[in-house]
Amino acid sequence: MSYGLKVEVWGSYALFTRPELKVERMTYEMMTPSAARGLIESIYWHPGLQIKIDRIYLLPPMGSDDRDKDPIRFDSIRRNEINKKGSIKAMKKMMEGGPEEYIAASQQRVQRAALVLRDVHYVIAAHFELTDKANPSDNEGKFADIFRRRLEKGQMYSQPYLGTREFPAHFQAWKELEIPTVHVTRDLGLMLYDMDYSNLKDIVPMFFHAELKDGVMEVSGKEIYK
């Protein structure tokens, strides 16, 4: 069994990084399913739940009702990043009494250009399914009520963000019966779907062929490529 939910999200900037471009970051034209799943899990996460993204709706920027104008807008910015990442091997050695892993941000900082999205506004349509880690007392209705209350109160497990942590997301439950149609149709090409964590020693990215049809990107039922 599963339970559906619709979450409206928006923000000033978003960066859904294309994995083939590592140095100078460039965003996809739409929110990726993995980013949508992560955003919903930041509102409420439970080991007994698995979030499945069904579709993502593109909407005009907040405060605008122009559905004939393409709302996908880009901006070029420069961001501070760190050249060095923490090493898992070094962390394990430190936990076993070895030397401390230290990264001096002031020495490793570098500025890189990024192509980001501006004034994004989406509705995420998703559902959740119970996993084998759910407790015997858990059920769909219980989790549905938890989601509803948290959306109404603006509660979160961690701060939701739009691709990267410096671009926070605003969110609320979608309260209308219908979602407005935005007249934007285009082929988005291969897009990151999610990461396959079934083998933690070999985490594999998964992709799907993304298309926008009248502002709707279907995710459910798409063929997945690894």
# chains A, B, ... in the order shown; residues from 1 in each chain; ligands from 1

call {"tool": "select_by_dssp", "arguments": {"residues": "segment 14-217 of chain A", "states": "strand (DSSP E)", "output": "number ranges by chain"}}
result
A: 14, 25-26, 49-58, 73-82, 109-130, 161-162, 164-168, 170-173, 186-196, 204-213, 216-217

call {"tool": "closest_atom_pairs", "arguments": {"of": "segment 90-171 of chain A", "to": "segment 70-83 of chain A", "cutoff": "7 Å", "atoms": "only C-alpha atoms", "output": "tab-separated table"}}
result
residue	atom	partner	partner_atom	distance
A:Ala105	CA	A:Ile82	CA	6.5
A:Gln108	CA	A:Ile82	CA	5.3
A:Arg109	CA	A:Ile82	CA	4.6
A:Val110	CA	A:Glu81	CA	5.4
A:Gln111	CA	A:Asn80	CA	4.6
A:Arg112	CA	A:Arg78	CA	5.4
A:Ala113	CA	A:Arg78	CA	4.4
A:Ala114	CA	A:Ile77	CA	5.4
A:Leu115	CA	A:Ser76	CA	4.6
A:Val116	CA	A:Asp75	CA	5.3
A:Leu117	CA	A:Phe74	CA	4.5
A:Arg118	CA	A:Arg73	CA	5.5

call {"tool": "closest_residue", "arguments": {"among": "A:Thr32, A:Thr185, A:Gln159, A:Ser137", "to": "Phe171 of chain A", "atoms": "only C-alpha atoms"}}
result
A:Gln159

call {"tool": "atom_distance", "arguments": {"atom1": "atom CA of Leu212 of chain A", "atom2": "atom CA of Gly4 of chain A"}}
result
21.3 Å

call {"tool": "residues_around", "arguments": {"residues": "Leu130 of chain A", "least_positions_apart": "6", "cutoff": "12 Å", "atoms": "only C-alpha atoms", "output": "ChimeraX atom specification"}}
result
/A:1-3,46-52,136-144

call {"tool": "write_last_selection", "arguments": {"atoms": "N, CA and C atoms", "output": "PDB file, in the first residue's frame"}}
result
ATOM      1  N   MET A   1       0.832  -1.191   0.000  1.00  0.00           N
ATOM      2  CA  MET A   1       0.000   0.000   0.000  1.00  0.00           C
ATOM      3  C   MET A   1       0.876   1.253   0.000  1.00  0.00           C
ATOM      4  N   SER A   2       0.313   2.368  -0.425  1.00  0.00           N
ATOM      5  CA  SER A   2       1.066   3.619  -0.462  1.00  0.00           C
ATOM      6  C   SER A   2       0.109   4.778  -0.225  1.00  0.00           C
ATOM      7  N   TYR A   3       0.695   5.931   0.085  1.00  0.00           N
ATOM      8  CA  TYR A   3      -0.107   7.126   0.329  1.00  0.00           C
ATOM      9  C   TYR A   3       0.497   8.280  -0.452  1.00  0.00           C
ATOM     10  N   HIS A  46      11.916   8.595   8.199  1.00  0.00           N
ATOM     11  CA  HIS A  46      11.708   7.456   9.082  1.00  0.00           C
ATOM     12  C   HIS A  46      12.258   6.224   8.356  1.00  0.00           C
ATOM     13  N   PRO A  47      12.996   5.351   9.059  1.00  0.00           N
ATOM     14  CA  PRO A  47      13.565   4.182   8.375  1.00  0.00           C
ATOM     15  C   PRO A  47      12.524   3.237   7.807  1.00  0.00           C
ATOM     16  N   GLY A  48      11.307   3.316   8.316  1.00  0.00           N
ATOM     17  CA  GLY A  48      10.252   2.447   7.816  1.00  0.00           C
ATOM     18  C   GLY A  48       9.530   2.979   6.597  1.00  0.00           C
ATOM     19  N   LEU A  49       9.987   4.133   6.072  1.00  0.00           N
ATOM     20  CA  LEU A  49       9.351   4.759   4.911  1.00  0.00           C
ATOM     21  C   LEU A  49      10.303   4.808   3.719  1.00  0.00           C
ATOM     22  N   GLN A  50       9.749   4.684   2.555  1.00  0.00           N
ATOM     23  CA  GLN A  50      10.497   4.907   1.325  1.00  0.00           C
ATOM     24  C   GLN A  50       9.706   5.878   0.452  1.00  0.00           C
ATOM     25  N   ILE A  51      10.322   7.012   0.137  1.00  0.00           N
ATOM     26  CA  ILE A  51       9.652   8.036  -0.668  1.00  0.00           C
ATOM     27  C   ILE A  51       9.848   7.732  -2.148  1.00  0.00           C
ATOM     28  N   LYS A  52       8.764   7.740  -2.907  1.00  0.00           N
ATOM     29  CA  LYS A  52       8.806   7.530  -4.355  1.00  0.00           C
ATOM     30  C   LYS A  52       8.258   8.779  -5.048  1.00  0.00           C
ATOM     31  N   PRO A 136       5.673  -2.994  13.675  1.00  0.00           N
ATOM     32  CA  PRO A 136       4.358  -3.632  13.500  1.00  0.00           C
ATOM     33  C   PRO A 136       3.195  -2.669  13.708  1.00  0.00           C
ATOM     34  N   SER A 137       3.404  -1.643  14.538  1.00  0.00           N
ATOM     35  CA  SER A 137       2.337  -0.674  14.800  1.00  0.00           C
ATOM     36  C   SER A 137       2.240   0.422  13.750  1.00  0.00           C
ATOM     37  N   ASP A 138       3.200   0.474  12.829  1.00  0.00           N
ATOM     38  CA  ASP A 138       3.196   1.514  11.796  1.00  0.00           C
ATOM     39  C   ASP A 138       2.177   1.188  10.709  1.00  0.00           C
ATOM     40  N   ASN A 139       1.579   2.235  10.155  1.00  0.00           N
ATOM     41  CA  ASN A 139       0.657   2.065   9.039  1.00  0.00           C
ATOM     42  C   ASN A 139       0.619   3.344   8.217  1.00  0.00           C
ATOM     43  N   GLU A 140       0.035   3.272   7.028  1.00  0.00           N
ATOM     44  CA  GLU A 140       0.023   4.408   6.109  1.00  0.00           C
ATOM     45  C   GLU A 140      -0.710   5.612   6.698  1.00  0.00           C
ATOM     46  N   GLY A 141      -1.831   5.355   7.367  1.00  0.00           N
ATOM     47  CA  GLY A 141      -2.602   6.460   7.941  1.00  0.00           C
ATOM     48  C   GLY A 141      -1.822   7.232   8.985  1.00  0.00           C
ATOM     49  N   LYS A 142      -1.067   6.522   9.798  1.00  0.00           N
ATOM     50  CA  LYS A 142      -0.250   7.172  10.834  1.00  0.00           C
ATOM     51  C   LYS A 142       0.761   8.116  10.204  1.00  0.00           C
ATOM     52  N   PHE A 143       1.490   7.636   9.205  1.00  0.00           N
ATOM     53  CA  PHE A 143       2.505   8.464   8.574  1.00  0.00           C
ATOM     54  C   PHE A 143       1.882   9.601   7.764  1.00  0.00           C
ATOM     55  N   ALA A 144       0.717   9.349   7.170  1.00  0.00           N
ATOM     56  CA  ALA A 144       0.020  10.410   6.435  1.00  0.00           C
ATOM     57  C   ALA A 144      -0.336  11.559   7.366  1.00  0.00           C
TER      58      ALA A 144
END

call {"tool": "select_by_dssp", "arguments": {"residues": "segment 78-170 of chain A", "states": "alpha helix (DSSP H)", "output": "list in words"}}
result
Ile88, Lys89, Ala90, Met91, Lys92, Lys93, Met94, Met95, Ala105, Ser106, Gln107, Gln108, Glu140, Gly141, Lys142, Phe143, Ala144, Asp145, Ile146, Phe147, Arg148, Arg149, Arg150, Leu151, Glu152 and Lys153 of chain A

call {"tool": "closest_atom_pairs", "arguments": {"of": "segment 98-210 of chain A", "to": "segment 57-65 of chain A", "cutoff": "10 Å", "atoms": "only C-alpha atoms", "output": "tab-separated table"}}
result
residue	atom	partner	partner_atom	distance
A:Arg118	CA	A:Pro61	CA	8.8
A:Asp119	CA	A:Pro61	CA	5.5
A:Val120	CA	A:Pro61	CA	6.0
A:His121	CA	A:Leu59	CA	5.3
A:Tyr122	CA	A:Leu58	CA	4.9
A:Val123	CA	A:Tyr57	CA	5.0
A:Ile124	CA	A:Tyr57	CA	6.4
A:Ala125	CA	A:Tyr57	CA	7.8
A:Ile179	CA	A:Tyr57	CA	7.9
A:Pro180	CA	A:Leu59	CA	7.4
A:Thr181	CA	A:Leu59	CA	7.8
A:Val182	CA	A:Leu59	CA	6.3
A:His183	CA	A:Leu58	CA	9.6
A:Val184	CA	A:Leu58	CA	8.6

call {"tool": "residues_around", "arguments": {"residues": "segment 194-208 of chain A", "least_positions_apart": "4", "cutoff": "7 Å", "atoms": "only C-alpha atoms", "output": "list in words"}}
result
Pro33, Ser34, Leu190, Lys222, Glu223, Ile224, Tyr225 and Lys226 of chain A

call {"tool": "closest_residue", "arguments": {"among": "A:Gly97, A:Ala90, A:Asp68, A:Thr17", "to": "Glu29 of chain A", "atoms": "only C-alpha atoms"}}
result
A:Thr17

call {"tool": "closest_residue", "arguments": {"among": "A:Lys6, A:Arg148, A:His170, A:Arg55", "to": "Met30 of chain A", "atoms": "only C-alpha atoms"}}
result
A:Arg55

call {"tool": "residues_around", "arguments": {"residues": "Leu39 of chain A", "least_positions_apart": "3", "cutoff": "7 Å", "atoms": "only C-alpha atoms", "output": "PyMOL selection string"}}
result
chain A and resi 35-36+42-43+160-161

call {"tool": "closest_residue", "arguments": {"among": "A:Glu24, A:Asp187, A:Glu41, A:Asp54", "to": "Phe147 of chain A", "atoms": "only C-alpha atoms"}}
result
A:Glu41

call {"tool": "atom_distance", "arguments": {"atom1": "atom CA of Glu218 of chain A", "atom2": "atom CA of Asp145 of chain A"}}
result
26.0 Å

call {"tool": "atom_distance", "arguments": {"atom1": "atom CA of Phe128 of chain A", "atom2": "atom CA of Leu5 of chain A"}}
result
8.3 Å
